[in-house]
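To start, the structure itself, in structure tokens.
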There are 2 protein chains.
Amino acid sequence: MIANNMIIYKKLNQQGYRITKAREKILEILSKSPKHLSVDDIYLAIKSRGENVGTATIYRAVDSLAKTGIIRKLSLLNGRASFEIINKEISTHHHHLVCRNCQTVIDYSDFIKEEIFLMKKLEKIVSKIHQFKIEDHQLSFTGLCKSCKGGD
Amino acid sequence: MIANNMIIYKKLNQQGYRITKAREKILEILSKSPKHLSVDDIYLAIKSRGENVGTATIYRAVDSLAKTGIIRKLSLLNGRASFEIINKEISTHHHHLVCRNCQTVIDYSDFIKEEIFLMKKLEKIVSKIHQFKIEDHQLSFTGLCKSCKGGD
DNA sequence: TTAAGTGCAAATATTTTGCAATGAG
DNA sequence: CTCATTGCAAAATATTTGCACTTAA
């Protein structure tokens with residue numbers, strides 16, 4: 001059982017999911033990771049402990065964990081999905097700046113107060129208008145990075 | 001040649017890309033579509049006109065078009081990339097709402113004045129702080145859609 | 001002319017599925 | 001006990017690459 005997480009177990013039970021070794025291992029890996037992991041990352045992390053969980057199982061497990069809102073599924077631009085625990089305390093939320101020329105992705109989380117305030121306001125407006133329960137957001141700006149825009 | 005778009009041609013030329021039949025067809029398809037299309041969608045749309053462009057070519061073409069900032073690459077949660085024209089005049093810019101339960105993606109472009117204003121303000125702040133030339137943004141909110149959150 | 005671009009088929013990911021065996025409740 | 005879950009291998013998808021041929025500039 002992973003540290004102090006009756007809440008997670010409850011969430012699973014409530015939706016008819018069982019607490020299994022595979023799910024526990026995956027949650028443990030994800031909760032210890034500072035960043036989102038792909039299915040393959042999870043597979044390898046488990047392997048490196050001398051244990052084994054098939055990738056098909058991992059795909060099915062992350063799917064159920066995401067459905068219950070325990071983890072978050074991300075789709076970045078690299079063609080594979082990745083996952084992270086939803087836990088405002090632990091995960092550092094960030095936004096992205098993607099350079100269309102050199103493809104560099106800058107993660108930034110040094111939001112200034114004003115940016116955070118604006119995002120919150122936006123969430124509130126959008127959730128109301130579209131009757132959608134917003135739990136999370138992903139924001140990326142595309143353009144030219146400092147060096148690609150010249151005038152470096 | 002697709003309608004009134006010397007600007008696009010210029011952008012391609014400036015970066016050493018050529019104006020080819022395949023790129024023209026893809027741009028025409030994308031500019032006529034009200035929503036983002038996957039590579040396969042584009043492939044089929046071209047096919048349905050009795051023409052043909054191989055998928056490998058489409059992958060390479062959208063890649064170059066995205067690099068030049070003519071189209072935008074999106075990675076939603078459905079496991080495949082999709083593309084849309086970046087052109088405030090033609091395509092209506094939109095944001096996304098992605099349901100973590102049923103995976104439905106809702107595109108919305110009925111921004112209220114306040115949302116537009118907030119996004120512009122955000123862009124200004126972020127571009128200044130990170131010395132990044134922002135040309136475009138992608139925003140998606142994740143959570144539960146009207147029917148999945150219950151209380152429908 | 002000549003480098004960029006294309007088509008096709010083959011190679012690589014990535015994700016899903018079928019099914020018999022296992023295990024949680 | 002019984003149904004959700006797993007493991008494995010096979011199937012289905014999605015994307016990339018090699019290479020000879022074609023074409024835009």
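Ligands are numbered from 1 in the order shown, residues from 1 within each chain, and chains are lettered A, B, ... in the order they appear in the structure tokens.
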
Nearby residues (only C-alpha atoms (C1' of nucleotides)) at most 10 Å from Glu135 of chain B, same-chain spacing under 6 positions excluded, as a PyMOL selection string
(chain A and resi 99-100+141-144) or (chain B and resi 69+86+123+127)

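For chain B, the residues close to chain C, meaning within 8 Å and counting only C-alpha atoms (C1' of nucleotides), are Tyr17, Arg18, Thr20, Val53, Gly54 and Thr57 of chain B.
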
Which residues of chain A are close to chain D, meaning at most 12 Å apart when you count only C-alpha atoms (C1' of nucleotides), and how do they look as a count of residues only?
23

When the cut-off is 7 Å and we count only C-alpha atoms, which residues of chain B are near chain A, given as JSON, numbers by chain?
{"B": [67, 68, 69, 75, 76, 77, 100, 101, 115, 118, 122, 131, 132, 133, 134, 135, 136, 137, 138, 139, 140, 141, 142, 143, 144, 145, 146, 149]}

Would you save the residues of that selection, restricted to C-alpha atoms, as a PDB file, in the first residue's frame?
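Result written to selection_20.pdb:
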ATOM      1  CA  LYS B  67       7.718  24.637 -38.720  1.00  0.00           C
ATOM      2  CA  THR B  68       7.001  27.727 -40.759  1.00  0.00           C
ATOM      3  CA  GLY B  69       4.115  28.692 -38.529  1.00  0.00           C
ATOM      4  CA  SER B  75      -1.804  16.763 -29.587  1.00  0.00           C
ATOM      5  CA  LEU B  76      -5.069  15.998 -27.941  1.00  0.00           C
ATOM      6  CA  LEU B  77      -5.813  12.900 -25.941  1.00  0.00           C
ATOM      7  CA  ARG B 100     -11.021  12.748 -18.814  1.00  0.00           C
ATOM      8  CA  ASN B 101     -13.778  10.180 -18.612  1.00  0.00           C
ATOM      9  CA  GLU B 115     -11.659  35.547 -22.275  1.00  0.00           C
ATOM     10  CA  LEU B 118      -7.369  37.788 -20.575  1.00  0.00           C
ATOM     11  CA  LEU B 122      -1.345  36.730 -20.578  1.00  0.00           C
ATOM     12  CA  GLN B 131      11.734  37.024 -24.109  1.00  0.00           C
ATOM     13  CA  PHE B 132       9.785  34.741 -26.386  1.00  0.00           C
ATOM     14  CA  LYS B 133       7.982  35.975 -29.493  1.00  0.00           C
ATOM     15  CA  ILE B 134       4.510  34.563 -29.079  1.00  0.00           C
ATOM     16  CA  GLU B 135       2.613  33.990 -32.305  1.00  0.00           C
ATOM     17  CA  ASP B 136       0.009  31.552 -31.192  1.00  0.00           C
ATOM     18  CA  HIS B 137      -1.288  29.639 -28.246  1.00  0.00           C
ATOM     19  CA  GLN B 138      -3.056  26.403 -27.440  1.00  0.00           C
ATOM     20  CA  LEU B 139      -5.216  26.111 -24.424  1.00  0.00           C
ATOM     21  CA  SER B 140      -7.043  23.052 -23.267  1.00  0.00           C
ATOM     22  CA  PHE B 141      -8.952  22.462 -20.116  1.00  0.00           C
ATOM     23  CA  THR B 142      -9.295  18.948 -18.778  1.00  0.00           C
ATOM     24  CA  GLY B 143     -12.003  17.700 -16.485  1.00  0.00           C
ATOM     25  CA  LEU B 144     -15.472  16.294 -16.752  1.00  0.00           C
ATOM     26  CA  CYS B 145     -17.963  17.159 -19.440  1.00  0.00           C
ATOM     27  CA  LYS B 146     -21.566  17.990 -18.780  1.00  0.00           C
ATOM     28  CA  LYS B 149     -19.913  14.974 -14.222  1.00  0.00           C
TER      29      LYS B 149
END

Could you pull out all residues of segment 74-133 of chain B with a DSSP call of helix (DSSP H, G or I) and give them as an NGL selection string?
:B and (113-130)

Any chance you can output those residues with C-alpha atoms as a tab-separated table (two decimals), in the first residue's frame?
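This is the output file part29.tsv:
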chain	number	residue	atom	x	y	z
B	113	LYS	CA	-14.82	39.40	-24.71
B	114	GLU	CA	-13.37	38.79	-21.31
B	115	GLU	CA	-11.66	35.55	-22.28
B	116	ILE	CA	-10.02	37.14	-25.30
B	117	PHE	CA	-8.88	40.04	-23.22
B	118	LEU	CA	-7.37	37.79	-20.58
B	119	MET	CA	-5.49	35.70	-23.14
B	120	LYS	CA	-4.03	38.79	-24.74
B	121	LYS	CA	-2.92	40.07	-21.41
B	122	LEU	CA	-1.34	36.73	-20.58
B	123	GLU	CA	0.56	36.67	-23.86
B	124	LYS	CA	1.92	40.09	-23.21
B	125	ILE	CA	3.15	39.20	-19.75
B	126	VAL	CA	4.68	35.89	-20.72
B	127	SER	CA	6.42	37.11	-23.84
B	128	LYS	CA	8.02	39.89	-21.90
B	129	ILE	CA	9.22	37.76	-19.02
B	130	HIS	CA	10.57	34.95	-21.15

Fewer than 4 positions away in the same chain doesn't count, so skip those; otherwise give me all residues within 12 Å of Lys35 of chain B, counting only C-alpha atoms (C1' of nucleotides), as a PDB file with C-alpha atoms, in the first residue's frame.
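Once written, part_29.pdb looks like this:
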ATOM      1  CA  ILE B  29      -8.191  21.007 -47.276  1.00  0.00           C
ATOM      2  CA  LEU B  30      -7.189  22.541 -43.967  1.00  0.00           C
ATOM      3  CA  SER B  31      -8.390  26.006 -44.842  1.00  0.00           C
ATOM      4  CA  ASP B  41      -8.404  12.828 -42.344  1.00  0.00           C
ATOM      5  CA  ILE B  42      -6.311  14.820 -44.790  1.00  0.00           C
ATOM      6  CA  ARG B  72      -0.547  24.433 -35.895  1.00  0.00           C
ATOM      7  CA  LEU B  74      -2.222  19.735 -31.852  1.00  0.00           C
ATOM      8  CA  SER B  82      -4.017  16.856 -35.753  1.00  0.00           C
ATOM      9  CA  PHE B  83      -3.491  20.063 -37.623  1.00  0.00           C
ATOM     10  CA  GLU B  84      -5.211  23.323 -38.343  1.00  0.00           C
ATOM     11  CA  ILE B  85      -4.418  26.524 -40.227  1.00  0.00           C
ATOM     12  CA  ILE B  86      -3.112  29.412 -38.167  1.00  0.00           C
ATOM     13  CA  ILE B  90      -9.988  31.975 -42.090  1.00  0.00           C
ATOM     14  CA  SER B  91      -9.946  29.509 -39.268  1.00  0.00           C
ATOM     15  CA  THR B  92     -11.696  30.508 -36.156  1.00  0.00           C
ATOM     16  CA  HIS B  93      -9.212  30.087 -33.388  1.00  0.00           C
ATOM     17  CA  HIS B  94     -10.517  27.870 -30.660  1.00  0.00           C
ATOM     18  CA  HIS B  95      -9.723  26.297 -27.351  1.00  0.00           C
ATOM     19  CA  HIS B  96     -10.433  22.782 -26.176  1.00  0.00           C
ATOM     20  CA  VAL B 105     -13.001  16.846 -27.157  1.00  0.00           C
ATOM     21  CA  ILE B 106     -15.142  19.946 -27.330  1.00  0.00           C
ATOM     22  CA  ASP B 107     -13.824  22.780 -29.480  1.00  0.00           C
ATOM     23  CA  TYR B 108     -15.159  26.125 -28.555  1.00  0.00           C
ATOM     24  CA  SER B 109     -14.582  29.421 -30.235  1.00  0.00           C
TER      25      SER B 109
END

Per DSSP on the backbone, filter segment 20-81 of chain B down to the residues in strand (DSSP E or B) and report them as a ChimeraX atom specification.
/B:37-38,71-75,81

Can I get the selected residues back with N, CA and C atoms, as an mmCIF file, in the first residue's frame?
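And here's part_30.cif as it stands now:
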data_model
loop_
_atom_site.group_PDB
_atom_site.id
_atom_site.type_symbol
_atom_site.label_atom_id
_atom_site.label_comp_id
_atom_site.auth_asym_id
_atom_site.auth_seq_id
_atom_site.Cartn_x
_atom_site.Cartn_y
_atom_site.Cartn_z
ATOM 1 N N LEU B 37 -7.676 18.570 -38.431
ATOM 2 C CA LEU B 37 -7.731 17.274 -39.102
ATOM 3 C C LEU B 37 -6.476 16.462 -38.806
ATOM 4 N N SER B 38 -6.657 15.151 -38.725
ATOM 5 C CA SER B 38 -5.503 14.271 -38.543
ATOM 6 C C SER B 38 -4.899 13.996 -39.911
ATOM 7 N N ILE B 71 0.661 26.295 -40.167
ATOM 8 C CA ILE B 71 -0.361 25.499 -39.509
ATOM 9 C C ILE B 71 0.103 25.193 -38.085
ATOM 10 N N ARG B 72 -0.815 24.714 -37.300
ATOM 11 C CA ARG B 72 -0.547 24.433 -35.895
ATOM 12 C C ARG B 72 -0.738 22.940 -35.669
ATOM 13 N N LYS B 73 0.185 22.336 -34.947
ATOM 14 C CA LYS B 73 0.058 20.919 -34.609
ATOM 15 C C LYS B 73 -0.575 20.805 -33.237
ATOM 16 N N LEU B 74 -1.568 19.948 -33.138
ATOM 17 C CA LEU B 74 -2.222 19.735 -31.852
ATOM 18 C C LEU B 74 -2.025 18.305 -31.407
ATOM 19 N N SER B 75 -1.885 18.105 -30.146
ATOM 20 C CA SER B 75 -1.804 16.763 -29.587
ATOM 21 C C SER B 75 -2.877 16.664 -28.538
ATOM 22 N N ALA B 81 -1.959 13.029 -33.753
ATOM 23 C CA ALA B 81 -1.785 14.464 -33.904
ATOM 24 C C ALA B 81 -2.790 14.996 -34.908
#

Atom CA of Leu27 of chain B and atom CA of Ile8 of chain B, how far apart in Å?
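Between atom CA of Ile8 of chain B and atom CA of Leu27 of chain B the gap works out to 9.5 Å.
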